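*Asks:* Mind looking over this structure? Questions follow.
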Amino acid sequence: MPSKIEVKQVSNPADLEKVFAIRHEVFVNEQNCPPELERANEEEATHYLVTVDGEPAGASRWRKTNDGYKLERFAVLSKFRGHGVGQALVKAVLADLPAGADYVYLNSQLQAVTLYEKFGFEKTGPQFEEAGIQHFKMVKNQI
């Protein structure tokens, strides 16, 4: 059981390499996502790194799109899953969005839908496939 989960926004090259390594492990190695798709739009994104007791454990990002603020690339290394790392990451990213972020959305893999629902996201539209994986678009309820 982890004793200290820390989430921080990162932009320095050393931390970004940790972010990209985590995402590569989860999306490319585990889920067979094409590397070029996984690394798309990096320059316009705000990145996050989660550490557990100082060890890199998870990552995510958000970016401003024409539709609003899109949360993306939530990844937790397998040995850290089930210990609250993903919840800490979602909570921190939502808290760090700009004040004017009135439309917040994401494309959730099926197994993560319940995680996002805990934070007020609701499924919208039909189930769809992205990178060979089934997803739902989810929008944050702004009550």
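Ligands are numbered from 1 in the order shown, residues from 1 within each chain, and chains are lettered A, B, ... in the order they appear in the structure tokens.
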Which residues come within 10 Å of His24 in chain A, counting only C-alpha atoms, excluding same-chain residues fewer than 3 positions away, as a count of residues only?
*Replies:* 16
*Asks:* What are the DSSP strand (DSSP E) residues of chain A, as a ChimeraX atom specification?
*Replies:* /A:5-10,45-52,55-64,69-76,104-109,121-130,133-140
*Asks:* Could you check how far CA of Leu77 in chain A sits from CA of Phe136 in chain A, in Å to one decimal?
*Replies:* 22.0 Å
*Asks:* Give me, as a tab-separated table, the closest atom pair and its distance (Å, one decimal) for every residue of range 28-52 of chain A within a cut-off of 9 Å of range 88-100 of chain A, counting only C-alpha atoms, rows sorted by chain and rising number.
*Replies:*
residue	atom	partner	partner_atom	distance
A:Tyr48	CA	A:Val93	CA	7.6
A:Leu49	CA	A:Leu89	CA	8.3
A:Val50	CA	A:Leu89	CA	6.8
*Asks:* Can I get the selected residues back with C-alpha atoms, as a short mmCIF file (atom, residue, chain, number, x, y, z; two decimals), in the first residue's frame?
*Replies:*
data_model
loop_
_atom_site.label_atom_id
_atom_site.label_comp_id
_atom_site.auth_asym_id
_atom_site.auth_seq_id
_atom_site.Cartn_x
_atom_site.Cartn_y
_atom_site.Cartn_z
CA TYR A 48 1.37 15.54 -15.06
CA LEU A 49 3.53 12.96 -13.31
CA VAL A 50 2.42 10.87 -10.33
#
*Asks:* Between CA of Glu42 in chain A and CA of Leu110 in chain A, what is the distance in Å, rounded to a tenth?
*Replies:*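 Result for CA of Glu42 in chain A versus CA of Leu110 in chain A: 23.9 Å, one decimal.
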*Asks:* Counting only C-alpha atoms, which residues of range 103-123 of chain A sit at most 12 Å from some atom of range 54-65 of chain A, and what is each one's closest atom pair with its distance in Å to one decimal, listed by chain and rising residue number, as CSV?
*Replies:*
residue,atom,partner,partner_atom,distance
A:Tyr103,CA,A:Lys64,CA,10.0
A:Val104,CA,A:Lys64,CA,9.4
A:Tyr105,CA,A:Trp62,CA,9.7
A:Leu106,CA,A:Trp62,CA,9.1
A:Asn107,CA,A:Trp62,CA,11.8
*Asks:* Would you please give, as a PyMOL selection string, all residues of range 15-115 of chain A that DSSP assigns to helix (DSSP H, G or I) based on the backbone?
*Replies:* chain A and resi 15-30+35-38+78-80+85-96+110-115
*Asks:* Excluding same-chain residues fewer than 4 positions from His135 in chain A, what lies within 6 Å of it counting only C-alpha atoms, as JSON, numbers by chain?
*Replies:* {"A": [108, 109, 110, 127, 128, 129]}
*Asks:* Could you check which of A:Thr46, A:Ser78, A:Ser11, A:Gln134 is closest to Val113 in chain A, using only C-alpha atoms?
*Replies:*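 Nearest candidate to Val113 in chain A out of A:Thr46, A:Ser78, A:Ser11, A:Gln134: A:Gln134.
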*Asks:* What does the distance between CA of Tyr116 in chain A and CA of Arg81 in chain A come to in Å, to one decimal place?
*Replies:*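 A separation of 15.1 Å between them.
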*Asks:* In terms of the shortest atom-to-atom distance over only C-alpha atoms, which of A:Lys8, A:Asn66, A:Gly84, A:Ala14 is closest to His47 in chain A?
*Replies:* A:Lys8
